[in-house]
Structure formats: C-alpha cells, structure tokens
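input.pdb (PDB, C-alpha atoms)
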```
ATOM      1  CA  MET A   1     -98.783 211.900  -3.088
ATOM      2  CA  PRO A   2     -99.685 209.678  -0.106
ATOM      3  CA  GLY A   3     -99.708 211.309   3.315
ATOM      4  CA  ILE A   4    -100.197 214.871   2.071
ATOM      5  CA  ASP A   5    -103.125 216.933   3.350
ATOM      6  CA  VAL A   6    -103.731 219.459   0.574
ATOM      7  CA  THR A   7    -106.471 221.187   2.596
ATOM      8  CA  ARG A   8    -104.021 222.593   5.166
ATOM      9  CA  PRO A   9    -101.066 224.855   4.387
ATOM     10  CA  SER A  10     -97.573 223.554   5.038
ATOM     11  CA  ILE A  11     -94.823 225.751   6.438
ATOM     12  CA  ALA A  12     -92.269 224.274   4.027
ATOM     13  CA  ARG A  13     -94.507 224.567   0.968
ATOM     14  CA  ALA A  14     -95.659 228.125   1.767
ATOM     15  CA  TYR A  15     -92.024 229.142   2.181
ATOM     16  CA  ASP A  16     -91.284 227.484  -1.158
ATOM     17  CA  ALA A  17     -94.093 229.513  -2.749
ATOM     18  CA  ILE A  18     -92.765 232.788  -1.318
ATOM     19  CA  LEU A  19     -89.335 231.981  -2.764
ATOM     20  CA  GLY A  20     -90.915 231.347  -6.180
ATOM     21  CA  GLY A  21     -90.737 227.555  -6.082
ATOM     22  CA  LYS A  22     -93.185 225.147  -7.687
ATOM     23  CA  ASP A  23     -93.476 222.433  -5.029
ATOM     24  CA  ASN A  24     -96.629 223.718  -3.371
ATOM     25  CA  TYR A  25    -100.427 223.545  -3.537
ATOM     26  CA  ALA A  26    -103.225 226.098  -3.804
ATOM     27  CA  VAL A  27    -103.680 226.235  -0.027
ATOM     28  CA  ASP A  28     -99.972 226.993   0.399
ATOM     29  CA  ARG A  29    -100.059 229.697  -2.266
ATOM     30  CA  GLU A  30    -103.073 231.276  -0.565
ATOM     31  CA  LEU A  31    -101.092 231.564   2.659
ATOM     32  CA  ALA A  32     -98.027 232.864   0.801
ATOM     33  CA  ASP A  33    -100.152 235.419  -1.082
ATOM     34  CA  ALA A  34    -101.798 236.571   2.149
ATOM     35  CA  ILE A  35     -98.421 237.100   3.768
ATOM     36  CA  VAL A  36     -96.911 238.937   0.789
ATOM     37  CA  THR A  37    -100.058 241.037   0.256
ATOM     38  CA  GLN A  38    -100.396 242.124   3.858
ATOM     39  CA  LEU A  39     -96.659 242.385   4.411
ATOM     40  CA  PRO A  40     -94.959 243.478   1.190
ATOM     41  CA  GLY A  41     -91.556 242.831   2.762
ATOM     42  CA  ALA A  42     -92.225 239.142   3.443
ATOM     43  CA  GLN A  43     -90.451 237.981   0.312
ATOM     44  CA  VAL A  44     -87.239 239.831   1.141
ATOM     45  CA  ILE A  45     -87.427 238.325   4.647
ATOM     46  CA  ALA A  46     -87.518 234.843   3.092
ATOM     47  CA  PHE A  47     -84.573 235.574   0.833
ATOM     48  CA  ASP A  48     -82.575 237.158   3.676
ATOM     49  CA  ASN A  49     -83.157 234.045   5.764
ATOM     50  CA  ARG A  50     -82.022 231.774   2.944
ATOM     51  CA  ARG A  51     -78.896 233.796   2.193
ATOM     52  CA  VAL A  52     -77.759 234.046   5.798
ATOM     53  CA  LEU A  53     -78.104 230.286   6.167
ATOM     54  CA  ALA A  54     -75.587 229.792   3.365
ATOM     55  CA  ARG A  55     -73.192 232.246   5.025
ATOM     56  CA  ALA A  56     -73.543 230.493   8.375
ATOM     57  CA  ILE A  57     -72.881 227.064   6.859
ATOM     58  CA  ALA A  58     -69.778 228.460   5.157
ATOM     59  CA  ALA A  59     -68.607 229.907   8.491
ATOM     60  CA  MET A  60     -69.095 226.592  10.277
ATOM     61  CA  SER A  61     -67.276 224.760   7.500
ATOM     62  CA  ALA A  62     -64.397 227.226   7.775
ATOM     63  CA  ALA A  63     -64.290 226.463  11.517
ATOM     64  CA  GLY A  64     -63.742 222.782  10.723
ATOM     65  CA  VAL A  65     -67.255 221.411  11.238
ATOM     66  CA  ARG A  66     -67.972 218.502   8.906
ATOM     67  CA  GLN A  67     -71.318 217.230  10.257
ATOM     68  CA  PHE A  68     -74.634 219.043   9.945
ATOM     69  CA  ILE A  69     -78.181 218.303  11.132
ATOM     70  CA  ASP A  70     -80.709 220.640   9.506
ATOM     71  CA  ILE A  71     -83.981 220.406  11.454
ATOM     72  CA  GLY A  72     -87.099 221.621   9.669
ATOM     73  CA  SER A  73     -85.069 221.849   6.496
ATOM     74  CA  GLY A  74     -87.929 222.580   4.109
ATOM     75  CA  LEU A  75     -87.948 222.018   0.384
ATOM     76  CA  PRO A  76     -84.709 221.984  -1.621
ATOM     77  CA  THR A  77     -83.719 225.275  -3.184
ATOM     78  CA  ALA A  78     -80.503 226.952  -4.304
ATOM     79  CA  ASP A  79     -77.479 226.608  -2.018
ATOM     80  CA  ASN A  80     -78.807 223.895   0.231
ATOM     81  CA  VAL A  81     -76.809 223.057   3.356
ATOM     82  CA  HIS A  82     -75.095 220.060   1.774
ATOM     83  CA  GLN A  83     -74.169 222.032  -1.338
ATOM     84  CA  VAL A  84     -72.524 224.817   0.660
ATOM     85  CA  ALA A  85     -70.833 222.456   3.127
ATOM     86  CA  GLN A  86     -69.558 220.025   0.498
ATOM     87  CA  ARG A  87     -68.330 222.878  -1.648
ATOM     88  CA  HIS A  88     -66.040 223.835   1.236
ATOM     89  CA  ALA A  89     -65.235 220.255   2.297
ATOM     90  CA  PRO A  90     -66.450 217.376   0.080
ATOM     91  CA  GLU A  91     -66.348 214.947   3.015
ATOM     92  CA  SER A  92     -69.045 216.900   4.902
ATOM     93  CA  ARG A  93     -72.090 214.886   5.970
ATOM     94  CA  VAL A  94     -75.605 216.279   6.232
ATOM     95  CA  VAL A  95     -78.860 214.988   7.702
ATOM     96  CA  TYR A  96     -81.993 216.892   6.702
ATOM     97  CA  VAL A  97     -85.032 216.519   8.972
ATOM     98  CA  ASP A  98     -88.607 217.478   8.130
ATOM     99  CA  ASN A  99     -92.114 216.175   8.799
ATOM    100  CA  ASP A 100     -93.585 217.116   5.394
ATOM    101  CA  PRO A 101     -93.957 214.150   2.972
ATOM    102  CA  VAL A 102     -93.253 216.465   0.013
ATOM    103  CA  VAL A 103     -89.895 217.403   1.534
ATOM    104  CA  LEU A 104     -89.061 213.743   2.085
ATOM    105  CA  ALA A 105     -89.923 212.764  -1.497
ATOM    106  CA  HIS A 106     -88.103 215.649  -3.155
ATOM    107  CA  GLY A 107     -85.131 215.383  -0.827
ATOM    108  CA  ARG A 108     -84.663 211.691  -1.492
ATOM    109  CA  ALA A 109     -84.822 212.276  -5.241
ATOM    110  CA  LEU A 110     -82.297 215.113  -5.009
ATOM    111  CA  LEU A 111     -79.911 213.165  -2.808
ATOM    112  CA  ALA A 112     -80.208 209.754  -4.451
ATOM    113  CA  GLU A 113     -76.583 209.819  -5.613
ATOM    114  CA  ASN A 114     -75.068 211.592  -2.606
ATOM    115  CA  ASP A 115     -74.084 209.002  -0.004
ATOM    116  CA  ARG A 116     -72.924 211.657   2.500
ATOM    117  CA  THR A 117     -76.345 213.287   2.715
ATOM    118  CA  THR A 118     -79.777 212.005   3.688
ATOM    119  CA  VAL A 119     -83.265 213.268   4.498
ATOM    120  CA  ILE A 120     -85.347 211.708   7.249
ATOM    121  CA  THR A 121     -88.869 212.148   8.543
ATOM    122  CA  GLY A 122     -88.683 213.656  11.995
ATOM    123  CA  ASP A 123     -90.407 216.053  14.346
ATOM    124  CA  LEU A 124     -88.592 218.989  15.871
ATOM    125  CA  ARG A 125     -90.423 218.255  19.130
ATOM    126  CA  ASP A 126     -88.926 214.756  19.368
ATOM    127  CA  PRO A 127     -85.163 215.281  19.212
ATOM    128  CA  ALA A 128     -84.365 211.874  20.705
ATOM    129  CA  ALA A 129     -85.996 210.176  17.715
ATOM    130  CA  ILE A 130     -83.952 212.337  15.334
ATOM    131  CA  ILE A 131     -80.707 211.444  17.084
ATOM    132  CA  GLY A 132     -81.656 207.775  17.291
ATOM    133  CA  HIS A 133     -82.706 207.439  13.660
ATOM    134  CA  GLU A 134     -80.605 204.861  11.827
ATOM    135  CA  ASP A 135     -79.679 207.289   9.057
ATOM    136  CA  THR A 136     -78.573 209.898  11.585
ATOM    137  CA  ARG A 137     -76.434 207.320  13.328
ATOM    138  CA  ARG A 138     -75.008 206.201  10.000
ATOM    139  CA  LEU A 139     -73.791 209.671   9.039
ATOM    140  CA  ILE A 140     -73.264 211.575  12.279
ATOM    141  CA  ASP A 141     -70.568 210.814  14.852
ATOM    142  CA  PHE A 142     -71.658 212.489  18.083
ATOM    143  CA  GLY A 143     -68.134 212.169  19.392
ATOM    144  CA  GLN A 144     -67.059 214.847  16.896
ATOM    145  CA  PRO A 145     -68.332 218.443  16.492
ATOM    146  CA  VAL A 146     -71.815 218.709  14.975
ATOM    147  CA  ALA A 147     -73.613 221.711  13.515
ATOM    148  CA  VAL A 148     -77.249 221.940  14.611
ATOM    149  CA  VAL A 149     -79.248 224.090  12.195
ATOM    150  CA  LEU A 150     -82.569 225.529  13.385
ATOM    151  CA  SER A 151     -83.354 227.916  10.554
ATOM    152  CA  ALA A 152     -86.691 229.734  10.891
ATOM    153  CA  ILE A 153     -88.305 226.807  12.693
ATOM    154  CA  LEU A 154     -88.456 227.498  16.450
ATOM    155  CA  HIS A 155     -90.897 230.391  15.999
ATOM    156  CA  HIS A 156     -93.432 227.822  14.741
ATOM    157  CA  LEU A 157     -93.537 226.303  18.226
ATOM    158  CA  ASN A 158     -95.945 227.459  20.889
ATOM    159  CA  ASP A 159     -94.630 228.222  24.351
ATOM    160  CA  ASP A 160     -96.156 225.045  25.772
ATOM    161  CA  GLU A 161     -93.967 223.060  23.360
ATOM    162  CA  ASP A 162     -90.957 224.525  25.185
ATOM    163  CA  PRO A 163     -88.512 225.593  22.466
ATOM    164  CA  LEU A 164     -85.982 226.500  25.151
ATOM    165  CA  ALA A 165     -85.924 222.902  26.407
ATOM    166  CA  LEU A 166     -85.385 221.704  22.827
ATOM    167  CA  ALA A 167     -82.482 224.108  22.347
ATOM    168  CA  ARG A 168     -80.959 222.866  25.607
ATOM    169  CA  TYR A 169     -81.431 219.250  24.522
ATOM    170  CA  TRP A 170     -79.385 219.795  21.372
ATOM    171  CA  ARG A 171     -76.776 221.776  23.269
ATOM    172  CA  ASP A 172     -76.302 218.880  25.655
ATOM    173  CA  ALA A 173     -76.387 216.207  22.916
ATOM    174  CA  VAL A 174     -73.391 217.511  20.965
ATOM    175  CA  PRO A 175     -69.737 217.704  22.027
ATOM    176  CA  SER A 176     -67.458 220.660  22.609
ATOM    177  CA  GLY A 177     -66.675 222.498  19.382
ATOM    178  CA  SER A 178     -70.160 221.958  18.012
ATOM    179  CA  HIS A 179     -72.105 224.897  16.591
ATOM    180  CA  VAL A 180     -75.751 225.895  16.864
ATOM    181  CA  TYR A 181     -77.326 228.180  14.274
ATOM    182  CA  ILE A 182     -80.754 229.730  14.852
ATOM    183  CA  SER A 183     -82.816 232.195  12.876
ATOM    184  CA  HIS A 184     -86.094 233.347  14.396
ATOM    185  CA  PHE A 185     -88.839 235.915  13.888
ATOM    186  CA  ARG A 186     -88.546 238.636  16.471
ATOM    187  CA  SER A 187     -91.259 240.650  18.142
ATOM    188  CA  GLU A 188     -90.573 244.327  18.566
ATOM    189  CA  ASN A 189     -94.133 244.909  19.814
ATOM    190  CA  ASP A 190     -94.843 246.761  16.577
ATOM    191  CA  PRO A 191     -97.768 246.506  14.112
ATOM    192  CA  GLY A 192     -95.663 244.817  11.407
ATOM    193  CA  SER A 193     -94.534 241.844  13.463
ATOM    194  CA  ALA A 194     -97.942 241.561  15.128
ATOM    195  CA  ARG A 195     -99.705 241.323  11.756
ATOM    196  CA  LEU A 196     -97.366 238.664  10.411
ATOM    197  CA  GLU A 197     -97.633 236.642  13.600
ATOM    198  CA  ALA A 198    -101.439 236.844  13.435
ATOM    199  CA  ILE A 199    -101.517 235.662   9.807
ATOM    200  CA  LEU A 200     -99.432 232.585  10.484
ATOM    201  CA  GLN A 201    -101.224 231.746  13.713
ATOM    202  CA  GLN A 202    -104.574 231.930  11.938
ATOM    203  CA  SER A 203    -103.385 229.805   8.999
ATOM    204  CA  LEU A 204    -101.188 227.287  10.802
ATOM    205  CA  GLY A 205    -102.735 227.390  14.253
ATOM    206  CA  ARG A 206     -99.409 227.709  16.012
ATOM    207  CA  GLY A 207     -96.261 229.709  16.587
ATOM    208  CA  ARG A 208     -95.053 232.795  18.412
ATOM    209  CA  TRP A 209     -92.607 235.543  17.670
ATOM    210  CA  ARG A 210     -90.146 236.114  20.515
ATOM    211  CA  THR A 211     -88.292 239.071  21.932
ATOM    212  CA  ASP A 212     -84.555 239.581  21.577
ATOM    213  CA  ALA A 213     -84.085 238.426  25.177
ATOM    214  CA  GLU A 214     -86.075 235.238  24.567
ATOM    215  CA  ILE A 215     -84.116 234.462  21.392
ATOM    216  CA  GLU A 216     -80.818 235.049  23.199
ATOM    217  CA  GLU A 217     -81.941 232.587  25.883
ATOM    218  CA  LEU A 218     -82.107 229.861  23.201
ATOM    219  CA  PHE A 219     -78.289 230.072  23.068
ATOM    220  CA  GLU A 220     -77.923 229.522  26.813
ATOM    221  CA  GLY A 221     -74.663 227.791  27.707
ATOM    222  CA  LEU A 222     -73.111 228.517  24.318
ATOM    223  CA  THR A 223     -70.661 231.188  23.206
ATOM    224  CA  LEU A 224     -72.254 233.529  20.683
ATOM    225  CA  LEU A 225     -69.985 234.396  17.783
ATOM    226  CA  GLU A 226     -69.708 237.816  16.179
ATOM    227  CA  PRO A 227     -71.796 239.763  15.357
ATOM    228  CA  GLY A 228     -74.172 238.215  17.899
ATOM    229  CA  ILE A 229     -77.922 238.046  17.285
ATOM    230  CA  VAL A 230     -78.734 240.543  14.548
ATOM    231  CA  PRO A 231     -81.144 240.899  11.615
ATOM    232  CA  CYS A 232     -80.320 238.240   9.029
ATOM    233  CA  ALA A 233     -79.186 240.796   6.455
ATOM    234  CA  LEU A 234     -76.626 242.136   8.956
ATOM    235  CA  TRP A 235     -75.120 238.764   9.884
ATOM    236  CA  ARG A 236     -71.700 238.864   8.194
ATOM    237  CA  PRO A 237     -73.022 240.441   4.969
ATOM    238  CA  GLU A 238     -70.997 239.897   1.838
ATOM    239  CA  GLY A 239     -69.479 242.866   0.034
ATOM    240  CA  GLU A 240     -68.538 246.239   1.430
ATOM    241  CA  GLY A 241     -70.597 248.323   3.791
ATOM    242  CA  VAL A 242     -73.588 247.567   5.964
ATOM    243  CA  PRO A 243     -76.920 247.371   4.142
ATOM    244  CA  GLU A 244     -79.685 249.753   5.166
ATOM    245  CA  LEU A 245     -82.570 247.638   6.379
ATOM    246  CA  SER A 246     -86.258 248.002   5.713
ATOM    247  CA  GLU A 247     -88.661 247.680   8.651
ATOM    248  CA  TRP A 248     -89.522 244.177   7.394
ATOM    249  CA  GLN A 249     -85.924 242.991   7.413
ATOM    250  CA  ARG A 250     -85.720 243.781  11.109
ATOM    251  CA  LEU A 251     -88.358 241.129  11.808
ATOM    252  CA  ILE A 252     -86.039 238.134  11.462
ATOM    253  CA  VAL A 253     -82.725 237.679  13.258
ATOM    254  CA  ALA A 254     -79.966 235.092  13.222
ATOM    255  CA  GLY A 255     -77.193 233.974  15.499
ATOM    256  CA  LEU A 256     -74.399 231.391  15.516
ATOM    257  CA  ALA A 257     -72.831 229.977  18.663
ATOM    258  CA  VAL A 258     -70.210 227.401  19.588
ATOM    259  CA  LYS A 259     -70.277 224.979  22.507
ATOM    260  CA  PRO A 260     -67.255 225.556  24.765
TER     261      PRO A 260
END
```
Output the file's structure in the form of structure tokens.
Amino acid sequence: MPGIDVTRPSIARAYDAILGGKDNYAVDRELADAIVTQLPGAQVIAFDNRRVLARAIAAMSAAGVRQFIDIGSGLPTADNVHQVAQRHAPESRVVYVDNDPVVLAHGRALLAENDRTTVITGDLRDPAAIIGHEDTRRLIDFGQPVAVVLSAILHHLNDDEDPLALARYWRDAVPSGSHVYISHFRSENDPGSARLEAILQQSLGRGRWRTDAEIEELFEGLTLLEPGIVPCALWRPEGEGVPELSEWQRLIVAGLAVKP
C-alpha cells in the first residue's frame, strides 16, 4: 500500500496485533511480541483500554453529546466509537483522525456507507489542521458540545511536543458542555512501567509515561467526572463489584471531564 513504511513499527498496527487483529506487518508483530513477552499483562492492558473507551462513549452519549472527534483512533475493531455512539443515538457524528495510511484505507472502506462518520489523515501535534479539515467542518458544529477522544495517544508524545498545550488547545476549541476523554500510561516509578516505557521508546523512538499529577494536569480547566482518574478497569466497570486488578492493569488510567 502506498505511503506505508513496513520497516518501522506503527503504534496503531502494533496495538492491532496485541488485540489479535490481522492488519499489521512483521515489524509490528515483533514489537507486539516483545511487549507481550516482557510484560505478560500487556494484552489485558490493551483490552481494558478498548473496553473503557466504549463505556466512556456510552456515558458521553447518555449526557447528550452527539459529536465525537477521535484523535489517534487506530485500526477499526469491535465497538468502534461510531458504533457505540450511533447505537445510543443514530444521529451521532464521528470524525476519526490518524496519521497511519493503513488506518485511513481501512477506515474509509469500513465507513463507505456511513455518511455521519469519516476518517481523515491528521497529526495529533497539529490540532488546527484537524479542526480546519473540510471533513471535520462538514460533520462537526463547534457551536454545539463536542467529545474529544484522546485514547492511549498522549503518552506517545515527548515532553518537548507539549501534550499539555495540546490538551489546552482542545479545551479552548470546544464549547461549554463538551467532554474530553483521556486514557494514558502512568508511571508509578516501578520496574513494570519502566520496562514497558523502555520497550516502546526503543522501538518507536518516542513517548513518556506520566505521573498521576501530570495526567490530572491534562484536564486543567475541566470538571472531572466520577470516578476521576483511575485504572481503566475501574472506570465505571460493568456488572457488580469492583474487579481486583493485576499490577499490569494499574499501568493505564482513564478519565472523563466536561467543560463548564
């Protein structure tokens, strides 16, 4: 496929491989295998992150949000944002954003017959271009509440790429009543998180895990909703009781906030 560098692993394709998908290459599977081998809990982390995203989209839909921008959306899998949102409210509109050509190709094929959903090529680090894209403008009314989805993407940015400034940009770009959802790898200054961070930095050449305080700062100016920033598996879990977490499941947290 044109534009694809099969010699370098892709975040989206490695994640797809961990989840058992087929839209990946040998270099992506090598990264996925390294992660799962060195951190046996990596696969459950990926599934926890995917499941909590669906719960967060359902919560935003229940709050009346009908517009969603999923930045760094990755490859299509079960219960995509548009599927969850449109199941709750068929009129919901979704813009997926990714910089991987495989995501663009598969997303366009998947969404060919869904005129309320689109996928665009965009870079997380250039939010103005995402907002100004003609397809974004076609589907998203920035005069009405918007859900900004940053699922497991900000930890792939280095500090000099200023993820806090990007979070503030989106906060300021959307109106009152909008929601921001973030999941992020956390650093507890423990061997487990340090090993995973080292693997991804070596393979992808970028990214940093952040402390609870740093992740909370990404929600600056917003009102965090219950239960706050917690491990993904503990964010409004379905069923009765609170699941007992493994040490791996503590490595990724999620939070949902609303703009006053």
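Comparing A:Val258, A:Ala128, A:Ala85, A:Leu53 by their smallest distance to A:Pro145, the closest is A:Val258 (using all atoms listed in the file).
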(request) Run the PyMOL selection byres ((chain A and resi 21) around 12) against the file shown and list the residues it catches, as an NGL selection string. (result) :A and (12-20 or 22-25 or 28-29 or 32 or 74-78)
Any chance you can output those residues with C-alpha atoms as a compact mmCIF listing (two decimals), keeping the file's coordinate frame?
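Result file result-v9.txt:
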```
# COMPACT_ATOMS: atom_id res chain seq x y z
CA ALA A 12 -92.27 224.27 4.03
CA ARG A 13 -94.51 224.57 0.97
CA ALA A 14 -95.66 228.12 1.77
CA TYR A 15 -92.02 229.14 2.18
CA ASP A 16 -91.28 227.48 -1.16
CA ALA A 17 -94.09 229.51 -2.75
CA ILE A 18 -92.76 232.79 -1.32
CA LEU A 19 -89.34 231.98 -2.76
CA GLY A 20 -90.92 231.35 -6.18
CA LYS A 22 -93.18 225.15 -7.69
CA ASP A 23 -93.48 222.43 -5.03
CA ASN A 24 -96.63 223.72 -3.37
CA TYR A 25 -100.43 223.54 -3.54
CA ASP A 28 -99.97 226.99 0.40
CA ARG A 29 -100.06 229.70 -2.27
CA ALA A 32 -98.03 232.86 0.80
CA GLY A 74 -87.93 222.58 4.11
CA LEU A 75 -87.95 222.02 0.38
CA PRO A 76 -84.71 221.98 -1.62
CA THR A 77 -83.72 225.28 -3.18
CA ALA A 78 -80.50 226.95 -4.30
```
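Atom CA of A:Asp159 lies 15.4 Å from atom CA of A:Asp212.
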(message) Evaluate the PyMOL selection byres ((chain A and resi 222-224) around 9) against this structure - the residues, as an MDAnalysis selection string, please.
(response) chainID A and resid 171 179:180 219:221 225:229 255:260
(message) If we draw a sphere of 10 Å around (-69.7, 236.7, 6.7), which residues have at least one atom in it when counting only C-alpha atoms? Please report them as an NGL selection string.
(response) :A and (52 or 54-56 or 58-59 or 226-227 or 234-239)
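As for atom CA of A:Val81 and atom CA of A:Val95, they are spaced 9.4 Å apart.
Taking atom CA of A:Asp98 and atom CA of A:Gly122 as the two end points, the separation is 5.4 Å.
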(request) Name the residues that the PyMOL selection byres ((chain A and resi 111) around 12) picks from the file above, as a PyMOL selection string, using the file's chain letters and numbers. (result) chain A and resi 76+80+82-83+93-96+103-110+112-120
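Closest to A:Glu214 among A:Ile131, A:Leu164, A:Ile182, A:Ile69 is A:Leu164, based on all atoms listed in the file.
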(message) Give me the residues near A:Val146 as JSON, numbers by chain, where near means some atom within 6 Å (using all atoms listed in the file) and where sequence neighbours in that chain fewer than 4 positions away do not count.
(response) {"A": [67, 68, 178]}
